[in-house]
file final-v8.cif (mmCIF, C-alpha atoms)
data_start
loop_
_atom_site.label_atom_id
_atom_site.label_comp_id
_atom_site.auth_asym_id
_atom_site.auth_seq_id
_atom_site.Cartn_x
_atom_site.Cartn_y
_atom_site.Cartn_z
CA MET A 1294 3.57 4.13 9.21
CA ALA A 1295 6.55 2.72 7.33
CA ILE A 1296 9.15 5.33 6.39
CA LEU A 1297 10.84 5.07 3.00
CA GLU A 1298 14.60 5.56 2.76
CA PHE A 1299 14.44 8.89 0.91
CA GLU A 1300 11.88 10.22 3.42
CA LYS A 1301 14.13 9.79 6.48
CA PRO A 1302 15.56 13.37 6.48
CA LEU A 1303 12.00 14.74 6.42
CA TYR A 1304 10.89 12.60 9.35
CA GLU A 1305 14.01 13.56 11.31
CA ILE A 1306 12.99 17.22 10.95
CA GLU A 1307 9.44 16.44 12.08
CA GLU A 1308 10.74 14.50 15.08
CA LYS A 1309 12.87 17.49 16.13
CA ILE A 1310 9.79 19.73 15.90
CA LYS A 1311 7.93 17.32 18.19
CA GLU A 1312 10.83 17.37 20.64
CA LEU A 1313 10.83 21.16 20.64
CA LYS A 1314 7.10 21.20 21.40
CA LYS A 1315 7.59 18.73 24.26
CA ILE A 1316 10.39 20.83 25.75
CA SER A 1317 8.14 23.88 25.53
CA GLU A 1318 5.36 22.06 27.40
CA THR A 1319 7.61 20.82 30.19
CA SER A 1320 9.66 23.99 30.67
CA GLY A 1321 6.93 26.55 30.05
CA MET A 1322 9.06 28.41 27.52
CA ASP A 1323 7.19 30.03 24.65
CA VAL A 1324 8.81 28.74 21.45
CA SER A 1325 5.68 28.88 19.30
CA LYS A 1326 7.26 31.24 16.77
CA GLN A 1327 10.29 29.01 16.35
CA VAL A 1328 8.05 25.95 15.98
CA GLU A 1329 5.91 27.73 13.39
CA THR A 1330 9.03 28.69 11.42
CA PHE A 1331 10.35 25.12 11.49
CA GLU A 1332 6.96 23.73 10.45
CA LYS A 1333 6.82 26.06 7.45
CA GLN A 1334 10.35 25.06 6.45
CA ALA A 1335 9.47 21.37 6.84
CA LEU A 1336 6.37 21.79 4.66
CA GLU A 1337 8.36 23.56 1.94
CA TYR A 1338 11.01 20.86 2.07
CA LYS A 1339 8.31 18.18 1.83
CA LYS A 1340 6.70 19.84 -1.21
CA GLU A 1341 10.07 20.15 -2.91
CA LEU A 1342 10.99 16.54 -2.10
CA TYR A 1343 7.83 15.05 -3.61
CA ALA A 1344 7.89 17.39 -6.61
CA LYS A 1345 11.29 16.04 -7.69
CA LEU A 1346 10.92 12.31 -7.14
CA THR A 1347 12.91 9.95 -9.33
CA PRO A 1348 11.09 7.03 -11.02
CA ALA A 1349 12.71 4.66 -8.49
CA GLN A 1350 11.35 6.72 -5.59
CA ARG A 1351 7.87 6.74 -7.12
CA ILE A 1352 8.05 2.97 -7.31
CA GLN A 1353 8.77 2.86 -3.59
CA ILE A 1354 5.63 4.92 -2.94
CA ALA A 1355 3.57 2.76 -5.33
CA ARG A 1356 4.66 -0.31 -3.37
CA HIS A 1357 4.21 1.23 0.09
CA CYS A 1358 2.75 -1.31 2.50
CA ASP A 1359 0.15 1.19 3.78
CA ARG A 1360 -1.09 2.23 0.34
CA PRO A 1361 -4.87 1.78 -0.10
CA THR A 1362 -5.88 -1.56 -1.58
CA PHE A 1363 -8.83 -2.38 -3.83
CA LEU A 1364 -11.04 -3.23 -0.85
CA ASP A 1365 -10.07 0.09 0.77
CA TYR A 1366 -11.21 1.91 -2.36
CA ILE A 1367 -14.46 -0.04 -2.34
CA LYS A 1368 -15.18 1.47 1.09
CA LEU A 1369 -13.97 4.92 0.04
CA ILE A 1370 -15.69 5.43 -3.32
CA THR A 1371 -18.64 3.00 -3.52
CA THR A 1372 -21.84 2.09 -1.74
CA ASP A 1373 -23.99 -1.05 -1.89
CA PHE A 1374 -21.10 -3.24 -3.05
CA VAL A 1375 -22.12 -6.84 -3.72
CA GLU A 1376 -19.21 -9.16 -4.48
CA LEU A 1377 -19.70 -11.72 -7.25
CA HIS A 1378 -17.54 -14.77 -6.70
CA GLY A 1379 -15.97 -17.36 -8.93
CA ASP A 1380 -15.22 -18.07 -12.58
CA ARG A 1381 -18.07 -20.62 -12.89
CA GLU A 1382 -15.47 -23.32 -13.48
CA GLY A 1383 -14.94 -24.16 -9.82
CA THR A 1384 -12.47 -21.58 -8.50
CA ASP A 1385 -12.49 -18.11 -6.97
CA ASP A 1386 -9.11 -16.39 -7.35
CA ARG A 1387 -8.84 -13.89 -4.47
CA ALA A 1388 -6.19 -11.81 -6.27
CA ILE A 1389 -9.04 -10.40 -8.38
CA ILE A 1390 -12.20 -9.20 -6.66
CA GLY A 1391 -15.26 -7.74 -8.34
CA GLY A 1392 -18.95 -7.10 -8.10
CA ILE A 1393 -21.77 -4.61 -8.49
CA ALA A 1394 -21.73 -1.26 -6.69
CA LYS A 1395 -22.75 2.37 -6.86
CA ILE A 1396 -20.32 5.23 -7.28
CA GLY A 1397 -22.35 8.26 -6.35
CA ASN A 1398 -25.69 7.55 -8.04
CA GLN A 1399 -24.10 5.57 -10.87
CA SER A 1400 -24.42 1.77 -10.84
CA VAL A 1401 -21.25 0.05 -12.07
CA VAL A 1402 -19.46 -3.26 -12.23
CA ILE A 1403 -16.16 -2.72 -10.41
CA ILE A 1404 -13.24 -5.14 -10.58
CA GLY A 1405 -9.73 -4.91 -9.21
CA THR A 1406 -6.57 -6.66 -8.13
CA GLN A 1407 -6.23 -7.03 -4.39
CA LYS A 1408 -3.02 -7.02 -2.34
CA GLY A 1409 -2.60 -7.54 1.37
CA LYS A 1410 -1.02 -5.33 4.04
CA SER A 1411 0.40 -8.17 6.11
CA THR A 1412 2.09 -11.46 5.28
CA LYS A 1413 -1.10 -13.37 6.09
CA GLU A 1414 -3.20 -11.13 3.83
CA ASN A 1415 -0.66 -11.29 1.03
CA LEU A 1416 -0.75 -15.07 1.14
CA THR A 1417 -4.55 -14.92 0.95
CA TYR A 1418 -4.45 -12.63 -2.08
CA ASN A 1419 -1.33 -14.17 -3.63
CA PHE A 1420 0.48 -10.81 -3.36
CA GLY A 1421 -1.91 -9.33 -5.91
CA MET A 1422 -0.78 -11.71 -8.67
CA PRO A 1423 -3.83 -13.21 -10.43
CA GLN A 1424 -4.01 -16.71 -11.84
CA PRO A 1425 -5.90 -17.60 -15.04
CA GLN A 1426 -9.04 -18.25 -12.99
CA GLY A 1427 -8.95 -14.63 -11.81
CA TYR A 1428 -8.93 -13.29 -15.34
CA ARG A 1429 -11.77 -15.65 -16.25
CA LYS A 1430 -13.74 -14.36 -13.28
CA ALA A 1431 -13.12 -10.81 -14.46
CA LEU A 1432 -14.25 -11.77 -17.96
CA ARG A 1433 -17.49 -13.19 -16.57
CA LEU A 1434 -18.13 -9.87 -14.84
CA PHE A 1435 -17.31 -7.95 -18.03
CA TYR A 1436 -19.99 -9.95 -19.83
CA HIS A 1437 -22.42 -9.29 -16.98
CA ALA A 1438 -21.82 -5.53 -17.26
CA ASN A 1439 -22.27 -5.63 -21.02
CA LYS A 1440 -25.52 -7.58 -20.72
CA PHE A 1441 -27.05 -5.11 -18.26
CA ASN A 1442 -25.52 -1.97 -19.79
CA LEU A 1443 -23.43 -1.08 -16.75
CA PRO A 1444 -20.17 0.91 -16.98
CA ILE A 1445 -17.07 -1.05 -16.00
CA VAL A 1446 -14.45 0.30 -13.58
CA THR A 1447 -11.19 -1.55 -13.00
CA LEU A 1448 -8.63 -0.67 -10.31
CA ILE A 1449 -5.22 -2.19 -10.95
CA ASP A 1450 -2.37 -2.75 -8.51
CA THR A 1451 -0.34 -5.82 -9.43
CA PRO A 1452 3.33 -6.73 -9.85
CA GLY A 1453 2.13 -8.98 -12.68
CA ALA A 1454 0.17 -12.13 -13.32
CA TYR A 1455 1.25 -15.13 -11.26
CA PRO A 1456 4.24 -16.76 -13.04
CA GLY A 1457 4.02 -20.19 -11.40
CA MET A 1458 3.89 -23.53 -13.17
CA LYS A 1459 0.25 -24.16 -12.19
CA ALA A 1460 -0.75 -20.86 -13.83
CA GLU A 1461 1.06 -21.82 -17.03
CA GLU A 1462 -0.56 -25.27 -16.99
CA THR A 1463 -4.00 -23.65 -16.78
CA ALA A 1464 -3.34 -21.22 -19.67
CA GLN A 1465 -2.27 -17.94 -18.10
CA GLY A 1466 -1.33 -16.37 -21.46
CA THR A 1467 -4.58 -17.44 -23.09
CA ALA A 1468 -6.70 -16.10 -20.22
CA ILE A 1469 -5.08 -12.67 -20.50
CA ALA A 1470 -5.23 -12.64 -24.31
CA VAL A 1471 -8.95 -13.49 -24.27
CA ASN A 1472 -9.58 -10.61 -21.86
CA LEU A 1473 -7.75 -8.20 -24.18
CA ARG A 1474 -9.84 -9.32 -27.13
CA GLU A 1475 -13.17 -9.34 -25.33
CA MET A 1476 -12.67 -6.00 -23.56
CA ALA A 1477 -12.06 -4.42 -26.96
CA LYS A 1478 -15.49 -5.68 -28.09
CA LEU A 1479 -17.61 -4.56 -25.12
CA GLY A 1480 -20.29 -1.95 -25.82
CA VAL A 1481 -20.25 -0.22 -22.43
CA PRO A 1482 -17.92 2.47 -21.02
CA ILE A 1483 -14.73 1.08 -19.47
CA ILE A 1484 -12.56 3.11 -17.07
CA ALA A 1485 -9.28 1.67 -15.80
CA VAL A 1486 -7.15 3.18 -13.04
CA ILE A 1487 -3.62 2.13 -12.13
CA THR A 1488 -3.63 2.68 -8.36
CA GLY A 1489 -0.17 1.31 -7.51
CA GLU A 1490 1.80 -1.16 -9.59
CA GLY A 1491 0.74 -1.81 -13.17
CA CYS A 1492 3.09 -4.46 -14.49
CA SER A 1493 3.04 -6.33 -17.77
CA GLY A 1494 0.11 -8.32 -19.18
CA GLY A 1495 -1.09 -8.92 -15.64
CA ALA A 1496 -2.18 -5.27 -15.55
CA LEU A 1497 -3.20 -4.99 -19.19
CA GLY A 1498 -5.61 -7.90 -18.76
CA LEU A 1499 -7.88 -5.44 -16.92
CA ALA A 1500 -6.88 -2.24 -18.71
CA VAL A 1501 -8.17 -2.29 -22.29
CA ALA A 1502 -10.37 0.70 -21.51
CA ASP A 1503 -11.87 3.83 -23.07
CA LYS A 1504 -10.16 5.92 -20.38
CA VAL A 1505 -7.01 4.87 -18.55
CA PHE A 1506 -5.93 6.90 -15.53
CA MET A 1507 -3.01 6.62 -13.13
CA LEU A 1508 -2.65 7.76 -9.57
CA GLU A 1509 0.12 10.33 -9.39
CA HIS A 1510 2.71 8.04 -7.80
CA SER A 1511 1.73 4.77 -9.47
CA TYR A 1512 3.68 3.22 -12.33
CA TYR A 1513 2.68 1.32 -15.48
CA THR A 1514 5.15 -0.77 -17.44
CA VAL A 1515 5.64 -3.72 -19.76
CA ILE A 1516 8.09 -5.26 -17.25
CA SER A 1517 9.20 -4.49 -13.73
CA PRO A 1518 12.42 -2.45 -13.49
CA GLU A 1519 14.05 -5.36 -11.63
CA GLY A 1520 13.09 -7.76 -14.42
CA CYS A 1521 14.29 -5.37 -17.09
CA ALA A 1522 17.64 -4.86 -15.34
CA SER A 1523 18.09 -8.61 -14.94
CA ILE A 1524 17.58 -9.13 -18.69
CA LEU A 1525 19.47 -6.15 -20.08
CA PHE A 1526 22.26 -5.74 -17.53
CA ARG A 1527 22.29 -9.20 -15.94
CA ASP A 1528 22.08 -7.25 -12.68
CA ALA A 1529 18.80 -6.60 -10.82
CA THR A 1530 20.51 -3.97 -8.65
CA LYS A 1531 20.47 -1.67 -11.69
CA ALA A 1532 16.68 -1.40 -11.43
CA ASP A 1533 16.96 2.37 -10.87
CA VAL A 1534 18.63 2.78 -14.27
CA ALA A 1535 15.97 0.62 -15.91
CA ALA A 1536 13.16 2.56 -14.21
CA GLU A 1537 14.50 5.81 -15.67
CA ALA A 1538 14.77 4.37 -19.19
CA LEU A 1539 11.40 2.62 -19.22
CA LYS A 1540 9.37 5.87 -18.85
CA ILE A 1541 6.92 4.35 -16.39
CA THR A 1542 5.72 7.35 -14.37
CA SER A 1543 2.32 8.96 -14.75
CA GLU A 1544 3.82 12.16 -16.21
CA ASP A 1545 5.86 10.25 -18.80
CA LEU A 1546 2.92 8.10 -19.88
CA LEU A 1547 0.57 11.09 -20.13
CA LYS A 1548 3.07 12.77 -22.49
CA LEU A 1549 3.28 9.58 -24.54
CA GLU A 1550 -0.55 9.43 -24.67
CA ILE A 1551 -0.62 5.97 -23.12
CA ILE A 1552 -2.95 7.24 -20.39
CA ASP A 1553 -5.71 9.84 -20.38
CA GLY A 1554 -5.16 11.56 -17.05
CA ILE A 1555 -3.52 11.64 -13.64
CA VAL A 1556 -5.35 11.42 -10.32
CA LYS A 1557 -3.69 13.78 -7.84
CA GLU A 1558 -2.48 12.13 -4.64
CA PRO A 1559 -2.18 13.69 -1.17
CA LEU A 1560 1.25 15.15 -0.42
CA GLY A 1561 3.54 12.20 0.29
CA GLY A 1562 1.33 9.60 -1.38
CA ALA A 1563 -2.13 8.05 -1.19
CA HIS A 1564 -1.35 6.30 2.11
CA ASN A 1565 -1.18 9.68 3.89
CA ASP A 1566 -4.86 10.58 3.40
CA TYR A 1567 -7.33 7.87 2.41
CA GLU A 1568 -10.32 10.22 2.37
CA LEU A 1569 -8.69 12.70 -0.01
CA ILE A 1570 -7.48 10.10 -2.50
CA GLY A 1571 -10.91 8.47 -2.39
CA LYS A 1572 -12.58 11.79 -3.17
CA ASN A 1573 -10.18 12.54 -6.05
CA LEU A 1574 -10.59 9.06 -7.51
CA GLN A 1575 -14.38 9.12 -7.28
CA GLU A 1576 -14.56 12.49 -9.04
CA THR A 1577 -12.29 11.28 -11.85
CA ILE A 1578 -14.29 8.10 -12.42
CA LEU A 1579 -17.70 9.82 -12.39
CA SER A 1580 -16.50 12.53 -14.78
CA ALA A 1581 -15.21 9.90 -17.22
CA ILE A 1582 -18.44 7.88 -17.03
CA ASP A 1583 -20.54 11.01 -17.70
CA GLU A 1584 -18.44 11.71 -20.79
CA LEU A 1585 -18.48 8.15 -22.13
CA LYS A 1586 -22.20 7.55 -21.54
CA LYS A 1587 -22.93 9.99 -24.37
CA GLU A 1588 -21.30 7.63 -26.89
CA THR A 1589 -23.04 4.80 -28.72
CA PRO A 1590 -21.71 1.24 -28.27
CA SER A 1591 -20.26 1.27 -31.79
CA ASN A 1592 -18.50 4.58 -31.17
CA LEU A 1593 -17.07 3.26 -27.89
CA LYS A 1594 -15.64 0.20 -29.60
CA GLU A 1595 -14.22 2.20 -32.49
CA GLY A 1596 -12.67 4.77 -30.17
CA ARG A 1597 -11.15 2.05 -27.98
CA TYR A 1598 -9.69 0.32 -31.03
CA ASN A 1599 -8.17 3.51 -32.39
CA LYS A 1600 -6.83 4.47 -28.95
CA PHE A 1601 -4.69 1.36 -28.70
CA ARG A 1602 -3.71 1.34 -32.38
CA ARG A 1603 -2.14 4.79 -31.93
CA MET A 1604 0.24 3.54 -29.28
CA GLY A 1605 3.81 2.59 -30.07
CA VAL A 1606 5.00 5.53 -32.17
CA PHE A 1607 8.76 5.54 -32.78
CA CYS A 1608 10.79 8.75 -32.98
CA GLN A 1609 14.14 8.98 -34.76
#
call {"tool": "encode", "arguments": {"input": "final-v8.cif", "output": "structure tokens"}}
result
Amino acid sequence: MAILEFEKPLYEIEEKIKELKKISETSGMDVSKQVETFEKQALEYKKELYAKLTPAQRIQIARHCDRPTFLDYIKLITTDFVELHGDREGTDDRAIIGGIAKIGNQSVVIIGTQKGKSTKENLTYNFGMPQPQGYRKALRLFYHANKFNLPIVTLIDTPGAYPGMKAEETAQGTAIAVNLREMAKLGVPIIAVITGEGCSGGALGLAVADKVFMLEHSYYTVISPEGCASILFRDATKADVAAEALKITSEDLLKLEIIDGIVKEPLGGAHNDYELIGKNLQETILSAIDELKKETPSNLKEGRYNKFRRMGVFCQ
């Protein structure tokens, strides 16, 4: 597993504990009490480390190469998944994947951005950056869910919509804007979860939802910290300063009422325990669906409208 820079002291301690155990096995010396003491100290240090993460460190965890992807979550939280391909205009953007599935006993339409874990996979999924065709595919699935009265679940992990010339030529901005408008008008429950990176309109194009959740170490922002630093400071190396100012962490956004809840991650991040994060995510989604199913379509639309209209309060 890849080790992040700020995690190195922790892994050095754990390596020393392993060495101590190996010495004990080869020499026959009983050092179990010392090992137990060191393990307790390491655990306390680990808890303290992850309880005081800076926004920049959280971003590193959100971008971790071993973090679960959309297809991992499909295996972890759903059954009977049937992928629905294409935008019905001739393309099938692999950066957005969706279909019909069951979460527990609840049938849903589930859609998400997909990243890869290797260079080859990232090229296949365009590094999780959708093109206009991907948003049109998602829109087709939104309509399908609305027609058959199925709740919609979106899982978002993207550094942003693809910024290439071809995407602009095929109306990237329009595709996202249409999704924002049409999601606001759907009469079925919509639950969105930021599972890693949630950057700019590329994320929002799947996140106009009744309930928006974030995984504990994910981030959600109008622009990446690197992009913000490049614009404001003319220096991308000041991304840490921008990350602090942007208020992009799950705790900050919950206080600002941009999101509705935080999904607890395993200690050290979602990549440390796939089963646990899958369980926590599934419980959060099912609880939200149970709550929203009690509302009429008109109440869902009105509540969704008011939710987003309340955002953007300025304090003097």
call {"tool": "atom_distance", "arguments": {"input": "final-v8.cif", "atom1": "atom CA of Pro1452 of chain A", "atom2": "atom CA of Gly1409 of chain A"}}
result
12.7 Å
call {"tool": "resolve_selection", "arguments": {"input": "final-v8.cif", "expression": "the PyMOL selection byres ((chain A and resi 1507-1518) around 6)", "output": "short mmCIF file (atom, residue, chain, number, x, y, z; two decimals) with C-alpha atoms, in the frame of the given file"}}
result
data_model
loop_
_atom_site.label_atom_id
_atom_site.label_comp_id
_atom_site.auth_asym_id
_atom_site.auth_seq_id
_atom_site.Cartn_x
_atom_site.Cartn_y
_atom_site.Cartn_z
CA ARG A 1351 7.87 6.74 -7.12
CA ALA A 1355 3.57 2.76 -5.33
CA VAL A 1486 -7.15 3.18 -13.04
CA ILE A 1487 -3.62 2.13 -12.13
CA THR A 1488 -3.63 2.68 -8.36
CA GLY A 1489 -0.17 1.31 -7.51
CA GLU A 1490 1.80 -1.16 -9.59
CA GLY A 1491 0.74 -1.81 -13.17
CA CYS A 1492 3.09 -4.46 -14.49
CA SER A 1493 3.04 -6.33 -17.77
CA PHE A 1506 -5.93 6.90 -15.53
CA GLU A 1519 14.05 -5.36 -11.63
CA GLY A 1520 13.09 -7.76 -14.42
CA CYS A 1521 14.29 -5.37 -17.09
CA ALA A 1532 16.68 -1.40 -11.43
CA ALA A 1535 15.97 0.62 -15.91
CA ALA A 1536 13.16 2.56 -14.21
CA ILE A 1541 6.92 4.35 -16.39
CA THR A 1542 5.72 7.35 -14.37
CA SER A 1543 2.32 8.96 -14.75
CA ILE A 1555 -3.52 11.64 -13.64
CA VAL A 1556 -5.35 11.42 -10.32
CA LYS A 1557 -3.69 13.78 -7.84
CA GLU A 1558 -2.48 12.13 -4.64
#
call {"tool": "residues_around", "arguments": {"input": "final-v8.cif", "residues": "Ala1581 of chain A", "least_positions_apart": "6", "cutoff": "9 Å", "atoms": "only C-alpha atoms", "output": "PyMOL selection string"}}
result
chain A and resi 1482+1484+1504
call {"tool": "resolve_selection", "arguments": {"input": "final-v8.cif", "expression": "the PyMOL selection byres ((chain A and resi 1562-1567) around 7)", "output": "PyMOL selection string"}}
result
chain A and resi 1354+1359-1361+1510+1558-1561+1568-1571
call {"tool": "axis_aligned_box", "arguments": {"input": "final-v8.cif", "around": "segment 1435-1440 of chain A", "padding_each_side": "3 Å", "output": "JSON"}}
result
{"center_x": -21.4, "center_y": -7.7, "center_z": -19.0, "size_x": 14.2, "size_y": 10.4, "size_z": 10.0}
call {"tool": "resolve_selection", "arguments": {"input": "final-v8.cif", "expression": "the PyMOL selection byres ((chain A and resi 1465) around 12)", "output": "number ranges by chain"}}
result
A: 1422-1429, 1453-1464, 1466-1472, 1494-1495, 1498
call {"tool": "residues_around", "arguments": {"input": "final-v8.cif", "residues": "Lys1339 of chain A", "least_positions_apart": "6", "cutoff": "10 Å", "atoms": "all atoms listed in the file", "output": "PyMOL selection string"}}
result
chain A and resi 1300+1302-1304+1333+1560-1561
call {"tool": "atom_distance", "arguments": {"input": "final-v8.cif", "atom1": "atom CA of Lys1540 of chain A", "atom2": "atom CA of Ala1522 of chain A"}}
result
14.0 Å
call {"tool": "closest_residue", "arguments": {"input": "final-v8.cif", "among": "A:Lys1413, A:Asp1503, A:Gly1596, A:Gly1605", "to": "Leu1549 of chain A", "atoms": "all atoms listed in the file"}}
result
A:Gly1605
call {"tool": "closest_residue", "arguments": {"input": "final-v8.cif", "among": "A:His1357, A:Tyr1338, A:Glu1414, A:Asp1386", "to": "Ala1431 of chain A", "atoms": "all atoms listed in the file"}}
result
A:Asp1386
call {"tool": "atom_distance", "arguments": {"input": "final-v8.cif", "atom1": "atom CA of Ile1396 of chain A", "atom2": "atom CA of Ile1370 of chain A"}}
result
6.1 Å
call {"tool": "residues_around", "arguments": {"input": "final-v8.cif", "residues": "segment 1319-1329 of chain A", "least_positions_apart": "5", "cutoff": "12 Å", "atoms": "all atoms listed in the file", "output": "list in words"}}
result
Ile1306, Glu1307, Glu1308, Lys1309, Ile1310, Lys1311, Glu1312, Leu1313, Lys1314, Gln1334, Ala1335 and Leu1336 of chain A
call {"tool": "closest_residue", "arguments": {"input": "final-v8.cif", "among": "A:Cys1358, A:Ala1502, A:Leu1432, A:Leu1479", "to": "Ile1390 of chain A", "atoms": "all atoms listed in the file"}}
result
A:Leu1432
call {"tool": "residues_near_point", "arguments": {"input": "final-v8.cif", "point": "(-7.7, -7.6, -12.5)", "cutoff": "6 Å", "atoms": "only C-alpha atoms", "output": "VMD selection string"}}
result
chain A and resid 1389 1405 to 1406 1499
call {"tool": "closest_residue", "arguments": {"input": "final-v8.cif", "among": "A:Lys1440, A:Lys1340, A:Lys1572, A:Arg1474", "to": "Tyr1366 of chain A", "atoms": "all atoms listed in the file"}}
result
A:Lys1572
call {"tool": "residues_near_point", "arguments": {"input": "final-v8.cif", "point": "(-4.0, -13.7, 1.6)", "cutoff": "12 Å", "atoms": "all atoms listed in the file", "output": "ChimeraX atom specification"}}
result
/A:1386-1389,1407-1422
